[in-house]
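Below: the structure, in structure tokens.
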Amino acid sequence: MAVTNPASTDKGYLRDFYREQRQKLCEDIERKSALDVEIQTWLLISHEYRAAATVLLYMARPYEIATSLILHAALSNHKTVGLPVCLEEGKMIFRRVEKVSELIPGKYGILEPPALSEAIIADEDTLCVCPALCCDMRGYRLGFGGGYYDRYLADYKGVKAALCYADSVIPTMQDDEFDVRMNVIHTDSFTRYMK
């Protein structure tokens, strides 16, 4: 699938542009699935995954890059696994998940751990896997517009990894003071580490 390069680095424009590209990709379920497997595989063979005692994941909606392979691998590897729970005022916490079968629909209908699950306190040995519509080569990530991850990551001390399609990585985009740079970007054809 040939992708036209975006005409602007403005975030609003990029969000619209890459939402349209993502919608087109979602129409080819087989291709999207294959790309998602490649991206997850790059993360699973990475040093930061192997070194992490705790892995914070998101439960992918149909238009996001899947994380199910990572979730099942992390549970099998006896890592502490956390999934996000959206709170009031745009805040987010991660709660521990021990079995996929215990997840329940939460805000926006996304599966999350039940309210009694332990809240995870991230440290330097934590890997946070973040969704992205697009990323730039400097490590900035464009999310889906809620701002939950940038708020959560403001005081986060662990490793930050974005999952992104290779054709959605651009040289640069506008960044704001609240944007948090990733340490690494995993795509379907390469991994980019930030200095």
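Identifiers for the structure tokens are assigned positionally: chains receive A, B, ... in sequence, residues are indexed from 1 per chain, and ligands are indexed from 1 in the order shown.
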Neighbours of segment 105-107 of chain A within 10 Å (only C-alpha atoms; same-chain residues fewer than 2 positions away dropped), as a PyMOL selection string? chain A and resi 84-87+103+109-115
Selection from above, all heavy atoms, as a short mmCIF file (atom, residue, chain, number, x, y, z; two decimals), in the first residue's frame, can you write it?
```
data_model
loop_
_atom_site.label_atom_id
_atom_site.label_comp_id
_atom_site.auth_asym_id
_atom_site.auth_seq_id
_atom_site.Cartn_x
_atom_site.Cartn_y
_atom_site.Cartn_z
N PRO A 84 -4.15 -0.12 31.51
CA PRO A 84 -4.61 1.20 31.96
C PRO A 84 -6.08 1.23 32.37
O PRO A 84 -6.91 0.49 31.83
CB PRO A 84 -4.38 2.09 30.74
CG PRO A 84 -4.43 1.16 29.58
CD PRO A 84 -3.92 -0.16 30.07
N VAL A 85 -6.34 2.09 33.33
CA VAL A 85 -7.69 2.40 33.76
C VAL A 85 -7.81 3.92 33.70
O VAL A 85 -7.02 4.63 34.34
CB VAL A 85 -7.96 1.90 35.20
CG1 VAL A 85 -9.35 2.32 35.67
CG2 VAL A 85 -7.81 0.38 35.26
N CYS A 86 -8.75 4.41 32.91
CA CYS A 86 -8.94 5.86 32.77
C CYS A 86 -9.79 6.39 33.92
O CYS A 86 -10.86 5.83 34.22
CB CYS A 86 -9.60 6.19 31.43
SG CYS A 86 -8.56 5.76 30.02
N LEU A 87 -9.31 7.45 34.54
CA LEU A 87 -10.01 8.07 35.67
C LEU A 87 -10.59 9.41 35.24
O LEU A 87 -10.54 9.79 34.07
CB LEU A 87 -9.02 8.25 36.83
CG LEU A 87 -8.26 7.00 37.27
CD1 LEU A 87 -7.22 7.36 38.32
CD2 LEU A 87 -9.22 5.94 37.81
N LEU A 103 -10.51 -9.72 32.87
CA LEU A 103 -10.70 -8.36 32.38
C LEU A 103 -12.18 -8.07 32.13
O LEU A 103 -12.94 -8.95 31.73
CB LEU A 103 -9.90 -8.15 31.09
CG LEU A 103 -8.39 -8.38 31.20
CD1 LEU A 103 -7.74 -8.22 29.84
CD2 LEU A 103 -7.78 -7.42 32.22
N GLY A 109 -15.46 1.23 26.75
CA GLY A 109 -15.65 -0.17 26.37
C GLY A 109 -14.37 -0.98 26.26
O GLY A 109 -14.39 -2.12 25.80
N ILE A 110 -13.24 -0.41 26.69
CA ILE A 110 -11.95 -1.10 26.60
C ILE A 110 -11.79 -2.03 27.80
O ILE A 110 -12.09 -1.65 28.94
CB ILE A 110 -10.79 -0.07 26.57
CG1 ILE A 110 -10.98 0.90 25.40
CG2 ILE A 110 -9.44 -0.77 26.49
CD1 ILE A 110 -10.07 2.10 25.46
N LEU A 111 -11.31 -3.25 27.55
CA LEU A 111 -11.10 -4.20 28.64
C LEU A 111 -10.04 -3.69 29.61
O LEU A 111 -9.00 -3.17 29.19
CB LEU A 111 -10.70 -5.57 28.09
CG LEU A 111 -11.77 -6.32 27.30
CD1 LEU A 111 -11.20 -7.61 26.75
CD2 LEU A 111 -12.99 -6.59 28.16
N GLU A 112 -10.31 -3.87 30.90
CA GLU A 112 -9.36 -3.43 31.94
C GLU A 112 -9.51 -4.34 33.15
O GLU A 112 -10.51 -5.05 33.30
CB GLU A 112 -9.63 -1.98 32.32
CG GLU A 112 -10.99 -1.73 32.92
CD GLU A 112 -11.27 -0.26 33.21
OE1 GLU A 112 -10.90 0.60 32.41
OE2 GLU A 112 -11.88 0.00 34.26
N PRO A 113 -8.49 -4.32 34.04
CA PRO A 113 -8.60 -5.11 35.26
C PRO A 113 -9.73 -4.59 36.16
O PRO A 113 -10.05 -3.40 36.12
CB PRO A 113 -7.23 -4.91 35.94
CG PRO A 113 -6.33 -4.43 34.85
CD PRO A 113 -7.20 -3.65 33.92
N PRO A 114 -10.32 -5.46 36.97
CA PRO A 114 -11.37 -5.00 37.88
C PRO A 114 -10.84 -4.02 38.93
O PRO A 114 -9.63 -3.97 39.19
CB PRO A 114 -11.88 -6.29 38.52
CG PRO A 114 -10.88 -7.34 38.22
CD PRO A 114 -10.08 -6.89 37.04
N ALA A 115 -11.74 -3.28 39.53
CA ALA A 115 -11.37 -2.20 40.46
C ALA A 115 -10.56 -2.69 41.66
O ALA A 115 -9.78 -1.93 42.24
CB ALA A 115 -12.63 -1.48 40.94
#
```
Could you pull out the strand (DSSP E) residues of segment 92-187 of chain A from DSSP and send them as a PyMOL selection string? chain A and resi 92-96+104-105+111-112+126-131+134-136+141-142+159-163+169-170+184-186
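Non-sequential neighbours of segment 44-52 of chain A (distance at most 7 Å, separation of 5 or more positions within a chain, only C-alpha atoms) are A:Ile70, A:Asp125, A:Thr126, A:Leu127.
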Residue selection dump (N, CA and C atoms) as a compact mmCIF listing (two decimals), in the first residue's frame:
```txt
# COMPACT_ATOMS: atom_id res chain seq x y z
N ILE A 70 2.12 -9.65 23.11
CA ILE A 70 2.94 -9.13 24.21
C ILE A 70 2.30 -9.47 25.55
N ASP A 125 12.58 -0.28 36.44
CA ASP A 125 12.53 -1.59 35.80
C ASP A 125 11.19 -1.84 35.09
N THR A 126 10.47 -0.76 34.84
CA THR A 126 9.16 -0.87 34.18
C THR A 126 9.27 -0.45 32.72
N LEU A 127 8.59 -1.18 31.85
CA LEU A 127 8.48 -0.84 30.44
C LEU A 127 7.04 -0.44 30.16
```
Between A:Leu43, A:Phe17, A:Asp155, A:Asp179, single out the one closest to Leu57 of chain A, counting only C-alpha atoms. A:Leu43
When DSSP is applied to the backbone of this structure, which of chain A are assigned alpha helix (DSSP H)? Write them out as a PyMOL selection string. chain A and resi 11-26+29-44+47-51+68-76+148-153
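Using only C-alpha atoms, the protein and nucleic acid residues lying no more than 12 Å from Arg96 of chain A, apart from those fewer than 4 places from it along its own chain, are Thr54, Val55, Leu56, Leu57, Leu71, Leu75, Lys79, Thr80, Val81, Gly82, Leu83, Pro84, Val85, Val100, Glu102, Leu103, Glu112, Pro113, Pro114, Ala115, Leu116, Ser117, Glu118, Ala119, Ile120, Ile121 and Ala122 of chain A.
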Deliver the residues from the most recent selection as a file, using N, CA, C and O atoms, as a short mmCIF file (atom, residue, chain, number, x, y, z; two decimals), in the first residue's frame.
```
data_model
loop_
_atom_site.label_atom_id
_atom_site.label_comp_id
_atom_site.auth_asym_id
_atom_site.auth_seq_id
_atom_site.Cartn_x
_atom_site.Cartn_y
_atom_site.Cartn_z
N THR A 54 8.36 -5.28 35.06
CA THR A 54 6.95 -4.91 34.91
C THR A 54 6.73 -4.37 33.50
O THR A 54 7.54 -3.58 33.00
N VAL A 55 5.63 -4.78 32.86
CA VAL A 55 5.28 -4.30 31.53
C VAL A 55 3.89 -3.69 31.59
O VAL A 55 2.92 -4.35 32.00
N LEU A 56 3.80 -2.43 31.20
CA LEU A 56 2.52 -1.73 31.14
C LEU A 56 2.08 -1.70 29.68
O LEU A 56 2.80 -1.20 28.82
N LEU A 57 0.90 -2.24 29.42
CA LEU A 57 0.39 -2.38 28.06
C LEU A 57 -0.93 -1.64 27.91
O LEU A 57 -1.54 -1.25 28.90
N LEU A 71 0.98 -9.28 25.64
CA LEU A 71 0.26 -9.56 26.89
C LEU A 71 0.44 -11.02 27.30
O LEU A 71 0.82 -11.31 28.43
N LEU A 75 2.74 -12.41 30.55
CA LEU A 75 2.15 -13.23 31.61
C LEU A 75 2.88 -14.58 31.70
O LEU A 75 3.19 -15.05 32.79
N LYS A 79 6.17 -11.86 34.25
CA LYS A 79 6.37 -10.44 34.52
C LYS A 79 5.10 -9.88 35.16
O LYS A 79 4.01 -10.43 34.99
N THR A 80 5.26 -8.80 35.91
CA THR A 80 4.09 -8.08 36.40
C THR A 80 3.53 -7.32 35.20
O THR A 80 4.27 -6.60 34.52
N VAL A 81 2.24 -7.49 34.94
CA VAL A 81 1.62 -6.87 33.77
C VAL A 81 0.53 -5.91 34.23
O VAL A 81 -0.30 -6.26 35.08
N GLY A 82 0.55 -4.71 33.69
CA GLY A 82 -0.47 -3.72 34.02
C GLY A 82 -1.20 -3.24 32.79
O GLY A 82 -0.61 -3.14 31.70
N LEU A 83 -2.49 -2.96 32.96
CA LEU A 83 -3.31 -2.37 31.90
C LEU A 83 -3.91 -1.07 32.41
O LEU A 83 -4.17 -0.93 33.61
N PRO A 84 -4.15 -0.12 31.51
CA PRO A 84 -4.61 1.20 31.96
C PRO A 84 -6.08 1.23 32.37
O PRO A 84 -6.91 0.49 31.83
N VAL A 85 -6.34 2.09 33.33
CA VAL A 85 -7.69 2.40 33.76
C VAL A 85 -7.81 3.92 33.70
O VAL A 85 -7.02 4.63 34.34
N VAL A 100 -6.17 -13.05 31.60
CA VAL A 100 -6.95 -12.32 30.61
C VAL A 100 -8.44 -12.48 30.88
O VAL A 100 -9.24 -11.56 30.68
N GLU A 102 -10.04 -12.34 33.53
CA GLU A 102 -10.58 -11.48 34.59
C GLU A 102 -10.89 -10.05 34.11
O GLU A 102 -11.47 -9.26 34.84
N LEU A 103 -10.51 -9.72 32.87
CA LEU A 103 -10.70 -8.36 32.38
C LEU A 103 -12.18 -8.07 32.13
O LEU A 103 -12.94 -8.95 31.73
N GLU A 112 -10.31 -3.87 30.90
CA GLU A 112 -9.36 -3.43 31.94
C GLU A 112 -9.51 -4.34 33.15
O GLU A 112 -10.51 -5.05 33.30
N PRO A 113 -8.49 -4.32 34.04
CA PRO A 113 -8.60 -5.11 35.26
C PRO A 113 -9.73 -4.59 36.16
O PRO A 113 -10.05 -3.40 36.12
N PRO A 114 -10.32 -5.46 36.97
CA PRO A 114 -11.37 -5.00 37.88
C PRO A 114 -10.84 -4.02 38.93
O PRO A 114 -9.63 -3.97 39.19
N ALA A 115 -11.74 -3.28 39.53
CA ALA A 115 -11.37 -2.20 40.46
C ALA A 115 -10.56 -2.69 41.66
O ALA A 115 -9.78 -1.93 42.24
N LEU A 116 -10.74 -3.94 42.06
CA LEU A 116 -10.01 -4.45 43.22
C LEU A 116 -8.58 -4.87 42.89
O LEU A 116 -7.80 -5.20 43.79
N SER A 117 -8.22 -4.85 41.61
CA SER A 117 -6.86 -5.23 41.22
C SER A 117 -5.85 -4.21 41.74
O SER A 117 -6.14 -3.01 41.82
N GLU A 118 -4.68 -4.69 42.05
CA GLU A 118 -3.60 -3.86 42.61
C GLU A 118 -3.15 -2.78 41.62
O GLU A 118 -2.93 -3.06 40.44
N ALA A 119 -3.04 -1.55 42.13
CA ALA A 119 -2.49 -0.45 41.31
C ALA A 119 -0.98 -0.65 41.22
O ALA A 119 -0.33 -0.98 42.21
N ILE A 120 -0.43 -0.44 40.05
CA ILE A 120 1.01 -0.64 39.84
C ILE A 120 1.75 0.67 40.02
O ILE A 120 1.38 1.70 39.43
N ILE A 121 2.80 0.64 40.81
CA ILE A 121 3.70 1.77 40.98
C ILE A 121 4.92 1.50 40.11
O ILE A 121 5.70 0.59 40.38
N ALA A 122 5.06 2.27 39.04
CA ALA A 122 6.16 2.05 38.10
C ALA A 122 7.49 2.49 38.70
O ALA A 122 7.55 3.42 39.50
#
```
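Distance check against Ala166 of chain A using only C-alpha atoms: of A:Arg19, A:Arg31, A:His78, A:His186, the minimum falls on A:His186.
Closest approach to Tyr193 of chain A among A:Leu142, A:Glu124, A:Tyr148, A:Met137 is made by A:Met137 (distances from only C-alpha atoms).
Going from atom CA of Tyr156 of chain A to atom CA of Cys134 of chain A covers 21.3 Å.
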